[in-house]
$ cat start00.tsv   # TSV, C-alpha atoms
chain	number	residue	atom	x	y	z
P	28	MET	CA	9.08	-43.04	51.48
P	29	THR	CA	9.48	-45.58	48.67
P	30	THR	CA	6.54	-45.94	46.29
P	31	THR	CA	6.14	-49.31	44.58
P	32	LEU	CA	3.80	-50.63	41.90
P	33	ILE	CA	3.22	-54.38	41.58
P	34	THR	CA	1.30	-55.75	38.62
P	35	GLY	CA	-0.93	-58.78	39.05
P	36	ALA	CA	-0.95	-58.11	42.78
P	37	ASN	CA	-4.48	-59.11	43.75
P	38	LYS	CA	-3.39	-62.69	44.57
P	39	GLY	CA	-0.48	-65.10	44.83
P	40	LEU	CA	3.09	-63.84	44.70
P	41	GLY	CA	2.04	-60.30	43.83
P	42	PHE	CA	-0.28	-60.06	46.82
P	43	GLU	CA	2.31	-61.48	49.22
P	44	THR	CA	4.94	-59.11	47.84
P	45	ALA	CA	2.57	-56.19	48.38
P	46	ARG	CA	1.88	-57.29	51.95
P	47	ARG	CA	5.58	-57.63	52.75
P	48	LEU	CA	6.57	-54.31	51.20
P	49	VAL	CA	3.79	-52.44	52.99
P	50	ALA	CA	5.12	-53.95	56.23
P	51	ALA	CA	8.61	-52.76	55.23
P	52	GLY	CA	7.35	-49.18	54.92
P	53	HIS	CA	6.69	-48.88	51.18
P	54	THR	CA	3.70	-47.07	49.76
P	55	VAL	CA	2.42	-49.87	47.54
P	56	TYR	CA	0.08	-49.81	44.57
P	57	VAL	CA	-1.70	-53.09	44.01
P	58	GLY	CA	-2.06	-53.30	40.23
P	59	ALA	CA	-4.85	-55.53	38.92
P	60	ARG	CA	-7.19	-55.81	35.94
P	61	SER	CA	-10.26	-56.37	38.12
P	62	VAL	CA	-11.33	-53.33	40.12
P	63	GLU	CA	-13.28	-55.45	42.59
P	64	ARG	CA	-10.46	-57.91	43.30
P	65	GLY	CA	-7.81	-55.21	43.27
P	66	VAL	CA	-9.62	-52.93	45.71
P	67	ARG	CA	-10.25	-55.88	48.02
P	68	ALA	CA	-6.59	-56.96	47.91
P	69	ALA	CA	-5.28	-53.44	48.47
P	70	GLY	CA	-7.57	-52.96	51.44
P	71	ALA	CA	-6.44	-56.25	52.96
P	72	VAL	CA	-2.78	-55.18	53.10
P	73	GLY	CA	-3.07	-51.41	53.56
P	74	ALA	CA	-2.02	-50.58	50.00
P	75	ARG	CA	-3.43	-48.37	47.27
P	76	PHE	CA	-5.17	-49.72	44.17
P	77	VAL	CA	-4.51	-48.89	40.53
P	78	GLN	CA	-6.40	-50.56	37.70
P	79	VAL	CA	-3.92	-51.78	35.12
P	80	ASP	CA	-4.13	-54.33	32.33
P	81	VAL	CA	-0.60	-54.84	31.02
P	82	THR	CA	-1.94	-55.93	27.64
P	83	ASP	CA	-3.69	-52.59	27.03
P	84	ASP	CA	-1.87	-49.36	26.17
P	85	GLY	CA	-4.70	-47.15	27.39
P	86	SER	CA	-4.94	-48.91	30.73
P	87	VAL	CA	-1.19	-48.62	31.31
P	88	ALA	CA	-1.18	-44.93	30.32
P	89	ALA	CA	-4.01	-44.25	32.77
P	90	ALA	CA	-2.06	-45.98	35.54
P	91	VAL	CA	0.96	-43.78	34.79
P	92	ARG	CA	-1.19	-40.66	35.04
P	93	GLN	CA	-2.70	-41.76	38.36
P	94	ILE	CA	0.61	-42.62	39.99
P	95	GLU	CA	2.32	-39.52	38.61
P	96	ALA	CA	-0.46	-37.34	40.01
P	97	ASP	CA	-0.05	-39.01	43.39
P	98	GLY	CA	3.64	-38.16	43.54
P	99	GLY	CA	5.69	-40.59	41.45
P	100	LEU	CA	7.21	-44.06	41.50
P	101	ASP	CA	10.43	-45.62	42.79
P	102	VAL	CA	9.97	-49.35	42.23
P	103	LEU	CA	8.19	-51.30	39.50
P	104	VAL	CA	7.57	-55.02	40.00
P	105	ASN	CA	6.53	-56.67	36.74
P	106	ASN	CA	4.74	-59.65	38.24
P	107	ALA	CA	1.68	-60.18	36.02
P	108	GLY	CA	1.94	-63.41	34.07
P	109	ILE	CA	-0.03	-66.29	32.60
P	110	GLU	CA	0.66	-69.92	31.72
P	111	PRO	CA	-1.25	-71.76	28.97
P	112	ARG	CA	-3.33	-74.74	30.05
P	113	THR	CA	-5.77	-77.11	28.38
P	114	GLU	CA	-9.45	-76.97	29.34
P	115	GLY	CA	-8.77	-79.81	31.77
P	116	GLY	CA	-5.96	-77.86	33.42
P	117	GLY	CA	-3.07	-79.82	31.92
P	118	PHE	CA	-0.05	-78.69	29.94
P	119	VAL	CA	-0.58	-77.85	26.28
P	120	PRO	CA	1.07	-80.59	24.18
P	121	VAL	CA	3.67	-79.41	21.70
P	122	ALA	CA	1.56	-80.79	18.86
P	123	GLU	CA	-1.31	-78.50	19.95
P	124	THR	CA	0.84	-75.41	20.33
P	125	THR	CA	-0.20	-72.78	17.81
P	126	ALA	CA	1.09	-69.32	17.05
P	127	ASP	CA	-2.07	-67.87	18.61
P	128	ARG	CA	-1.47	-69.74	21.88
P	129	VAL	CA	2.11	-68.53	22.06
P	130	ARG	CA	1.10	-64.99	21.13
P	131	GLU	CA	-1.45	-64.91	23.96
P	132	VAL	CA	1.18	-65.83	26.52
P	133	PHE	CA	3.73	-63.39	25.13
P	134	GLU	CA	1.13	-60.60	25.17
P	135	THR	CA	1.09	-60.66	28.96
P	136	ASN	CA	4.45	-62.12	29.94
P	137	VAL	CA	6.68	-60.30	27.45
P	138	PHE	CA	4.88	-57.49	25.63
P	139	GLY	CA	3.20	-56.58	28.91
P	140	GLN	CA	6.57	-56.03	30.56
P	141	VAL	CA	7.81	-54.00	27.59
P	142	ARG	CA	4.62	-51.93	27.72
P	143	MET	CA	5.08	-51.25	31.44
P	144	LEU	CA	8.78	-50.42	31.09
P	145	HIS	CA	8.20	-48.08	28.17
P	146	ALA	CA	5.42	-46.26	30.02
P	147	PHE	CA	6.92	-46.09	33.51
P	148	LEU	CA	10.66	-45.58	32.92
P	149	PRO	CA	10.23	-41.81	32.42
P	150	LEU	CA	8.53	-41.67	35.82
P	151	LEU	CA	11.12	-43.93	37.43
P	152	HIS	CA	13.90	-41.66	36.18
P	153	ARG	CA	12.65	-38.96	38.54
P	154	SER	CA	13.33	-41.23	41.52
P	155	ALA	CA	16.60	-41.00	43.43
P	156	ALA	CA	16.78	-44.81	43.56
P	157	PRO	CA	14.73	-46.38	40.75
P	158	VAL	CA	14.32	-50.15	40.74
P	159	VAL	CA	12.67	-52.66	38.39
P	160	VAL	CA	12.04	-56.29	39.29
P	161	ASN	CA	10.98	-58.54	36.41
P	162	VAL	CA	9.44	-61.74	37.74
P	163	GLY	CA	10.84	-64.54	35.62
P	164	SER	CA	11.21	-68.28	36.09
P	165	GLY	CA	13.82	-70.99	36.34
P	166	LEU	CA	12.06	-72.45	33.30
P	167	ALA	CA	13.74	-69.68	31.31
P	168	LEU	CA	17.08	-71.49	31.56
P	169	THR	CA	17.53	-73.48	28.36
P	170	ARG	CA	20.37	-75.51	29.83
P	171	GLU	CA	18.09	-76.82	32.58
P	172	LEU	CA	15.23	-77.86	30.31
P	173	ALA	CA	17.72	-79.54	27.97
P	174	ASP	CA	19.41	-81.51	30.76
P	175	PRO	CA	17.74	-84.90	31.46
P	176	ALA	CA	19.14	-84.74	35.01
P	177	SER	CA	17.44	-81.41	35.76
P	178	PRO	CA	14.14	-81.37	37.73
P	179	THR	CA	12.70	-79.02	35.10
P	180	HIS	CA	13.55	-81.27	32.15
P	181	PHE	CA	10.06	-82.84	32.26
P	182	TYR	CA	8.29	-79.52	31.60
P	183	PRO	CA	6.56	-79.95	28.21
P	184	ASP	CA	4.99	-76.57	27.41
P	185	VAL	CA	6.53	-74.31	24.76
P	186	ALA	CA	5.00	-70.85	25.28
P	187	TYR	CA	5.63	-70.26	28.99
P	188	PRO	CA	9.37	-71.04	29.18
P	189	ALA	CA	9.92	-69.23	25.87
P	190	SER	CA	8.22	-66.15	27.30
P	191	LYS	CA	10.32	-66.26	30.46
P	192	ALA	CA	13.50	-66.68	28.42
P	193	ALA	CA	12.47	-63.50	26.62
P	194	VAL	CA	12.04	-61.77	30.00
P	195	ASN	CA	15.67	-62.60	30.77
P	196	MET	CA	16.78	-60.94	27.55
P	197	LEU	CA	14.60	-57.90	28.23
P	198	THR	CA	16.21	-57.57	31.65
P	199	VAL	CA	19.75	-57.64	30.28
P	200	GLN	CA	19.07	-55.20	27.47
P	201	TYR	CA	17.10	-52.69	29.54
P	202	ALA	CA	19.72	-52.82	32.30
P	203	LYS	CA	22.41	-51.98	29.74
P	204	ALA	CA	20.35	-49.14	28.27
P	205	TYR	CA	19.41	-47.62	31.65
P	206	PRO	CA	22.41	-48.02	33.99
P	207	GLN	CA	20.96	-45.53	36.45
P	208	VAL	CA	18.04	-47.92	37.14
P	209	ARG	CA	18.54	-51.18	39.04
P	210	ILE	CA	16.84	-53.71	36.72
P	211	ASN	CA	16.91	-57.40	37.65
P	212	ALA	CA	15.00	-60.61	36.97
P	213	VAL	CA	14.03	-63.05	39.70
P	214	ASP	CA	13.00	-66.69	39.84
P	215	PRO	CA	10.58	-67.18	42.76
P	216	GLY	CA	10.90	-70.96	42.47
P	217	PHE	CA	8.16	-73.59	42.17
P	218	THR	CA	5.53	-71.80	44.24
P	219	ALA	CA	1.99	-73.00	44.90
P	220	THR	CA	-0.21	-70.44	43.11
P	221	ASP	CA	-3.24	-70.35	40.82
P	222	LEU	CA	-0.80	-70.28	37.89
P	223	ASN	CA	0.12	-73.94	38.49
P	224	HIS	CA	-3.10	-75.02	40.19
P	225	HIS	CA	-1.25	-74.91	43.52
P	226	ALA	CA	1.04	-77.75	42.51
P	227	GLY	CA	4.13	-75.82	43.63
P	228	THR	CA	6.34	-77.20	46.38
P	229	GLN	CA	6.84	-73.96	48.30
P	230	SER	CA	4.56	-71.33	49.83
P	231	VAL	CA	3.91	-67.85	48.45
P	232	ALA	CA	5.81	-66.49	51.45
P	233	GLU	CA	8.88	-68.46	50.35
P	234	GLY	CA	8.44	-67.55	46.70
P	235	ALA	CA	7.98	-63.84	47.37
P	236	GLU	CA	11.18	-63.56	49.39
P	237	VAL	CA	13.49	-62.91	46.45
P	238	ILE	CA	11.03	-60.45	44.86
P	239	VAL	CA	10.81	-58.48	48.09
P	240	ARG	CA	14.59	-58.53	48.53
P	241	LEU	CA	15.30	-57.19	45.03
P	242	ALA	CA	12.56	-54.56	45.34
P	243	GLN	CA	14.46	-53.05	48.27
P	244	ILE	CA	17.96	-52.73	46.81
P	245	GLY	CA	19.62	-49.33	46.81
P	246	PRO	CA	21.42	-47.31	44.11
P	247	ASP	CA	24.57	-49.38	44.60
P	248	GLY	CA	22.73	-52.68	44.26
P	249	PRO	CA	23.09	-55.17	41.42
P	250	THR	CA	21.61	-54.66	37.99
P	251	GLY	CA	21.25	-56.83	34.91
P	252	THR	CA	21.28	-60.04	36.93
P	253	PHE	CA	19.06	-63.08	37.53
P	254	PHE	CA	18.34	-63.98	41.15
P	255	THR	CA	16.88	-66.92	43.02
P	256	ALA	CA	16.45	-67.04	46.79
P	257	ALA	CA	19.95	-68.53	46.95
P	258	GLY	CA	21.57	-65.67	45.01
P	259	VAL	CA	22.69	-64.80	41.50
P	260	VAL	CA	22.20	-67.45	38.81
P	261	PRO	CA	24.13	-67.40	35.50
P	262	TRP	CA	21.96	-66.54	32.53
$ encode --input "start00.tsv" --output "C-alpha coordinates"
Amino acid sequence: MTTTLITGANKGLGFETARRLVAAGHTVYVGARSVERGVRAAGAVGARFVQVDVTDDGSVAAAVRQIEADGGLDVLVNNAGIEPRTEGGGFVPVAETTADRVREVFETNVFGQVRMLHAFLPLLHRSAAPVVVNVGSGLALTRELADPASPTHFYPDVAYPASKAAVNMLTVQYAKAYPQVRINAVDPGFTATDLNHHAGTQSVAEGAEVIVRLAQIGPDGPTGTFFTAAGVVPW
(Lines of atoms letter the chains of each structure in order from A and count residues from 1; the text may use other names and numbers.)
(Lines give C-alpha, C1' and ligand atoms only; values in the text may rest on other atoms or scores of the structure.)
Protein backbone atom coordinates (compact mmCIF):
# COMPACT_ATOMS: atom_id res chain seq x y z
CA MET A 1 0.00 0.00 0.00
CA THR A 2 1.41 3.38 -1.05
CA THR A 3 0.98 6.23 1.42
CA THR A 4 0.84 9.74 -0.03
CA LEU A 5 0.72 13.21 1.50
CA ILE A 6 -0.59 16.13 -0.55
CA THR A 7 -0.27 19.67 0.76
CA GLY A 8 -2.97 22.22 0.02
CA ALA A 9 -5.33 19.35 -0.74
CA ASN A 10 -8.63 20.66 0.58
CA LYS A 11 -9.57 22.13 -2.84
CA GLY A 12 -8.56 22.51 -6.47
CA LEU A 13 -5.72 20.47 -7.91
CA GLY A 14 -4.73 19.05 -4.54
CA PHE A 15 -8.24 17.79 -3.84
CA GLU A 16 -8.60 16.24 -7.30
CA THR A 17 -5.19 14.60 -6.96
CA ALA A 18 -6.23 13.15 -3.61
CA ARG A 19 -9.46 11.81 -5.09
CA ARG A 20 -7.66 10.18 -8.00
CA LEU A 21 -4.93 8.62 -5.90
CA VAL A 22 -7.41 7.21 -3.40
CA ALA A 23 -9.21 5.63 -6.37
CA ALA A 24 -5.86 4.23 -7.52
CA GLY A 25 -5.37 2.49 -4.17
CA HIS A 26 -3.17 4.96 -2.29
CA THR A 27 -3.62 5.75 1.37
CA VAL A 28 -3.82 9.53 1.06
CA TYR A 29 -3.31 12.27 3.61
CA VAL A 30 -5.11 15.47 2.75
CA GLY A 31 -2.84 18.19 4.09
CA ALA A 32 -4.48 21.55 4.85
CA ARG A 33 -4.08 24.51 7.18
CA SER A 34 -7.77 24.58 8.09
CA VAL A 35 -8.92 21.64 10.19
CA GLU A 36 -12.55 22.15 9.22
CA ARG A 37 -11.93 22.31 5.47
CA GLY A 38 -9.31 19.57 5.57
CA VAL A 39 -11.48 17.12 7.49
CA ARG A 40 -14.38 17.80 5.13
CA ALA A 41 -12.22 17.28 2.04
CA ALA A 42 -10.65 14.09 3.38
CA GLY A 43 -14.05 12.66 4.22
CA ALA A 44 -15.35 13.46 0.75
CA VAL A 45 -12.69 11.34 -0.98
CA GLY A 46 -12.04 8.63 1.62
CA ALA A 47 -8.66 10.01 2.66
CA ARG A 48 -7.04 10.81 6.00
CA PHE A 49 -6.49 14.36 7.25
CA VAL A 50 -3.32 15.94 8.59
CA GLN A 51 -3.15 19.58 9.64
CA VAL A 52 -0.12 21.17 8.04
CA ASP A 53 0.86 24.77 7.38
CA VAL A 54 3.94 24.69 5.14
CA THR A 55 5.03 28.11 6.42
CA ASP A 56 5.31 26.90 10.02
CA ASP A 57 8.10 24.64 11.31
CA GLY A 58 6.07 23.40 14.26
CA SER A 59 3.09 22.48 12.11
CA VAL A 60 5.27 20.56 9.65
CA ALA A 61 7.08 18.73 12.47
CA ALA A 62 3.74 17.71 13.99
CA ALA A 63 2.61 16.35 10.61
CA VAL A 64 5.80 14.28 10.37
CA ARG A 65 5.16 12.81 13.81
CA GLN A 66 1.56 11.93 12.96
CA ILE A 67 2.38 10.25 9.66
CA GLU A 68 5.40 8.46 11.10
CA ALA A 69 3.27 7.10 13.94
CA ASP A 70 0.72 5.87 11.41
CA GLY A 71 3.32 3.87 9.51
CA GLY A 72 5.36 6.11 7.22
CA LEU A 73 5.27 7.85 3.86
CA ASP A 74 6.05 6.89 0.25
CA VAL A 75 4.98 9.91 -1.79
CA LEU A 76 5.06 13.64 -1.03
CA VAL A 77 3.17 16.02 -3.32
CA ASN A 78 4.20 19.62 -2.66
CA ASN A 79 1.08 21.28 -4.01
CA ALA A 80 0.40 24.18 -1.63
CA GLY A 81 0.91 27.51 -3.34
CA ILE A 82 -0.27 31.11 -3.50
CA GLU A 83 -0.33 33.85 -6.13
CA PRO A 84 -0.28 37.56 -5.21
CA ARG A 85 -3.31 39.61 -6.22
CA THR A 86 -4.51 43.16 -5.67
CA GLU A 87 -7.57 43.76 -3.48
CA GLY A 88 -9.65 43.83 -6.66
CA GLY A 89 -8.31 40.45 -7.73
CA GLY A 90 -5.98 41.68 -10.45
CA PHE A 91 -2.27 41.13 -11.02
CA VAL A 92 0.13 43.15 -8.88
CA PRO A 93 1.82 45.74 -11.13
CA VAL A 94 5.60 45.63 -11.21
CA ALA A 95 5.71 49.16 -9.82
CA GLU A 96 3.77 47.96 -6.74
CA THR A 97 5.88 44.86 -6.18
CA THR A 98 7.72 45.13 -2.89
CA ALA A 99 10.16 42.84 -1.13
CA ASP A 100 7.44 42.00 1.40
CA ARG A 101 5.04 40.91 -1.35
CA VAL A 102 7.66 38.69 -2.93
CA ARG A 103 8.71 37.29 0.44
CA GLU A 104 5.11 36.32 1.23
CA VAL A 105 4.82 34.32 -1.97
CA PHE A 106 8.21 32.67 -1.53
CA GLU A 107 7.32 31.72 2.05
CA THR A 108 4.68 29.31 0.78
CA ASN A 109 5.79 28.43 -2.74
CA VAL A 110 9.53 28.03 -2.14
CA PHE A 111 10.44 27.99 1.55
CA GLY A 112 7.37 25.85 2.18
CA GLN A 113 8.65 23.20 -0.21
CA VAL A 114 12.12 23.32 1.34
CA ARG A 115 10.55 23.00 4.79
CA MET A 116 8.53 19.97 3.71
CA LEU A 117 11.47 18.30 1.97
CA HIS A 118 13.80 18.85 4.90
CA ALA A 119 11.26 17.43 7.34
CA PHE A 120 9.91 14.50 5.32
CA LEU A 121 12.95 13.20 3.41
CA PRO A 122 14.17 11.16 6.41
CA LEU A 123 10.76 9.47 6.50
CA LEU A 124 10.68 9.00 2.72
CA HIS A 125 14.08 7.29 2.85
CA ARG A 126 12.46 4.41 4.72
CA SER A 127 10.18 3.74 1.74
CA ALA A 128 11.11 1.16 -0.88
CA ALA A 129 9.97 3.56 -3.62
CA PRO A 130 10.06 7.17 -2.40
CA VAL A 131 8.63 9.85 -4.69
CA VAL A 132 8.37 13.65 -4.52
CA VAL A 133 6.22 15.72 -6.88
CA ASN A 134 6.80 19.47 -6.75
CA VAL A 135 3.89 21.31 -8.34
CA GLY A 136 5.40 24.05 -10.46
CA SER A 137 4.18 26.11 -13.40
CA GLY A 138 4.91 26.81 -17.03
CA LEU A 139 5.37 30.40 -15.85
CA ALA A 140 8.69 29.24 -14.42
CA LEU A 141 10.18 29.08 -17.91
CA THR A 142 12.05 32.33 -18.49
CA ARG A 143 12.31 31.71 -22.22
CA GLU A 144 8.52 31.61 -22.52
CA LEU A 145 7.85 34.81 -20.60
CA ALA A 146 10.58 36.56 -22.60
CA ASP A 147 9.19 35.45 -25.96
CA PRO A 148 6.57 37.86 -27.40
CA ALA A 149 5.12 34.95 -29.39
CA SER A 150 4.50 32.85 -26.27
CA PRO A 151 0.98 32.73 -24.72
CA THR A 152 2.54 33.40 -21.32
CA HIS A 153 4.44 36.51 -22.42
CA PHE A 154 1.56 38.75 -21.23
CA TYR A 155 1.86 37.59 -17.60
CA PRO A 156 2.90 40.71 -15.63
CA ASP A 157 3.44 39.54 -12.04
CA VAL A 158 6.97 39.20 -10.64
CA ALA A 159 6.66 37.11 -7.47
CA TYR A 160 4.73 34.07 -8.71
CA PRO A 161 6.83 33.11 -11.76
CA ALA A 162 10.01 33.86 -9.80
CA SER A 163 8.86 31.48 -7.07
CA LYS A 164 8.06 28.74 -9.57
CA ALA A 165 11.43 29.20 -11.27
CA ALA A 166 12.95 28.62 -7.83
CA VAL A 167 10.89 25.42 -7.51
CA ASN A 168 12.51 24.16 -10.70
CA MET A 169 15.96 24.75 -9.24
CA LEU A 170 14.98 23.06 -5.98
CA THR A 171 13.81 20.04 -7.94
CA VAL A 172 17.07 19.70 -9.85
CA GLN A 173 19.29 20.14 -6.82
CA TYR A 174 17.34 17.83 -4.52
CA ALA A 175 17.16 15.17 -7.24
CA LYS A 176 20.94 15.30 -7.59
CA ALA A 177 21.45 15.10 -3.82
CA TYR A 178 18.99 12.23 -3.30
CA PRO A 179 19.26 9.90 -6.31
CA GLN A 180 17.37 7.15 -4.49
CA VAL A 181 14.25 9.35 -4.42
CA ARG A 182 12.27 10.12 -7.60
CA ILE A 183 11.95 13.93 -7.42
CA ASN A 184 10.24 15.76 -10.28
CA ALA A 185 8.44 19.04 -10.97
CA VAL A 186 5.19 19.25 -12.89
CA ASP A 187 3.29 21.96 -14.74
CA PRO A 188 -0.45 21.26 -14.45
CA GLY A 189 -1.21 23.87 -17.12
CA PHE A 190 -3.63 26.80 -17.00
CA THR A 191 -6.23 25.21 -14.75
CA ALA A 192 -9.40 26.86 -13.46
CA THR A 193 -8.84 27.11 -9.69
CA ASP A 194 -9.26 29.63 -6.88
CA LEU A 195 -5.62 30.62 -7.46
CA ASN A 196 -6.54 32.33 -10.75
CA HIS A 197 -10.17 33.12 -9.93
CA HIS A 198 -11.19 30.21 -12.17
CA ALA A 199 -9.85 31.93 -15.26
CA GLY A 200 -7.98 28.80 -16.36
CA THR A 201 -8.81 27.13 -19.65
CA GLN A 202 -8.81 23.54 -18.43
CA SER A 203 -10.55 21.61 -15.66
CA VAL A 204 -8.97 20.42 -12.42
CA ALA A 205 -9.34 16.87 -13.74
CA GLU A 206 -7.16 17.79 -16.72
CA GLY A 207 -4.68 19.72 -14.60
CA ALA A 208 -4.30 16.97 -12.00
CA GLU A 209 -3.48 14.31 -14.59
CA VAL A 210 0.26 14.96 -14.68
CA ILE A 211 0.48 15.23 -10.88
CA VAL A 212 -1.27 11.89 -10.47
CA ARG A 213 0.92 10.28 -13.13
CA LEU A 214 4.19 11.41 -11.53
CA ALA A 215 2.97 10.44 -8.05
CA GLN A 216 2.69 6.84 -9.24
CA ILE A 217 6.10 6.30 -10.84
CA GLY A 218 8.25 3.44 -9.63
CA PRO A 219 11.91 3.19 -8.54
CA ASP A 220 13.02 3.12 -12.18
CA GLY A 221 11.02 6.21 -13.09
CA PRO A 222 12.44 9.59 -14.08
CA THR A 223 13.95 12.02 -11.62
CA GLY A 224 15.15 15.60 -11.82
CA THR A 225 12.81 16.42 -14.69
CA PHE A 226 9.99 18.86 -15.50
CA PHE A 227 6.76 17.37 -16.84
CA THR A 228 3.61 18.64 -18.49
CA ALA A 229 0.72 16.43 -19.55
CA ALA A 230 2.48 16.06 -22.90
CA GLY A 231 5.75 14.82 -21.38
CA VAL A 232 9.16 16.12 -20.36
CA VAL A 233 9.86 19.81 -20.94
CA PRO A 234 13.41 21.24 -21.08
CA TRP A 235 14.26 23.38 -18.08
$ residues_around --input "start00.tsv" --residues "region 178-183 of chain P" --least-positions-apart "4" --cutoff "12 Å" --atoms "only C-alpha atoms" --output "PyMOL selection string"
chain P and resi 111-112+117-124+164-174+187-189+216-217
$ closest_residue --input "start00.tsv" --among "P:Gly258, P:Gly251, P:Gly108, P:Gly39" --to "Gly163 (chain P)" --atoms "all atoms listed in the file"
P:Gly108
$ closest_residue --input "start00.tsv" --among "P:Ile33, P:Leu100, P:Ala90, P:Ala186" --to "Ala68 (chain P)" --atoms "only C-alpha atoms"
P:Ile33
$ atom_distance --input "start00.tsv" --atom1 "CA of Asn161 (chain P)" --atom2 "CA of Val208 (chain P)"
12.8 Å
$ closest_residue --input "start00.tsv" --among "P:Lys203, P:Arg92, P:Lys191, P:His152" --to "Phe138 (chain P)" --atoms "all atoms listed in the file"
P:Lys191
$ closest_residue --input "start00.tsv" --among "P:Val260, P:Val231, P:Ala89, P:Ala107" --to "Asn211 (chain P)" --atoms "only C-alpha atoms"
P:Val260
$ closest_residue --input "start00.tsv" --among "P:Ala51, P:Ala232, P:Val159, P:Val91" --to "Val199 (chain P)" --atoms "all atoms listed in the file"
P:Val159
$ residues_near_point --input "start00.tsv" --point "(5.4, -46.9, 49.0)" --cutoff "8 Å" --atoms "all atoms listed in the file" --output "ChimeraX atom specification"
/P:28-31,48-49,52-56
$ closest_atom_pairs --input "start00.tsv" --of "region 53-170 of chain P" --to "region 235-245 of chain P" --cutoff "10 Å" --atoms "all atoms listed in the file" --output "Markdown table"
| residue | atom | partner | partner_atom | distance |
| --- | --- | --- | --- | --- |
| P:His53 | CA | P:Gln243 | CA | 9.3 |
| P:Asp101 | CA | P:Ala242 | CA | 9.5 |
| P:Val102 | CA | P:Ala242 | CA | 6.6 |
| P:Leu103 | CA | P:Ala242 | CA | 8.0 |
| P:Val104 | CA | P:Ala242 | CA | 7.3 |
| P:Asn106 | CA | P:Ile238 | CA | 9.2 |
| P:Ala155 | CA | P:Gly245 | CA | 9.5 |
| P:Ala156 | CA | P:Gly245 | CA | 6.2 |
| P:Pro157 | CA | P:Gly245 | CA | 8.3 |
| P:Val158 | CA | P:Ala242 | CA | 6.6 |
| P:Val159 | CA | P:Ala242 | CA | 7.2 |
| P:Val160 | CA | P:Ala242 | CA | 6.3 |
| P:Asn161 | CA | P:Ile238 | CA | 8.7 |
| P:Val162 | CA | P:Ile238 | CA | 7.4 |
$ atom_distance --input "start00.tsv" --atom1 "CA of Thr255 (chain P)" --atom2 "CA of Val213 (chain P)"
5.8 Å
$ closest_residue --input "start00.tsv" --among "P:Ala71, P:Val81, P:Ala126, P:Ala212" --to "Phe253 (chain P)" --atoms "only C-alpha atoms"
P:Ala212
